[in-house]
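Participant: Please see the structure below; I have some questions.
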Amino acid sequence: TVARRRPSLAEHGRGLHLIAELADHVRLRNRPGRGAVVSFERMLKWREDALLRVS
């Protein structure tokens, strides 16, 4: 979980918090020697009158 709070005017450090708040599913993986991998999904609901249709 992303529990650490940053000052609201901070120039950095908001990314994981924003992802956690806006995404439906978040996955964080550590790859030793290669860094971290962050995967996230956001489920979209399409309006009936949307110009772009999903099939």
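Residues in the structure tokens are numbered from 1 in each chain, the chains being A, B, ... in the order shown, and ligands are numbered from 1 in the order shown.
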Please list as a PyMOL selection string every residue within 6 Å of range 13-28 of chain A, counting only C-alpha atoms and excluding residues in the same chain fewer than 5 positions away.
Facilitator: chain A and resi 2+37-42
Participant: In Å, with one decimal, what is the gap from CA of His12 in chain A to CA of Met43 in chain A?
Facilitator: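 Atom-to-atom, CA of His12 in chain A to CA of Met43 in chain A, that is 26.3 Å.
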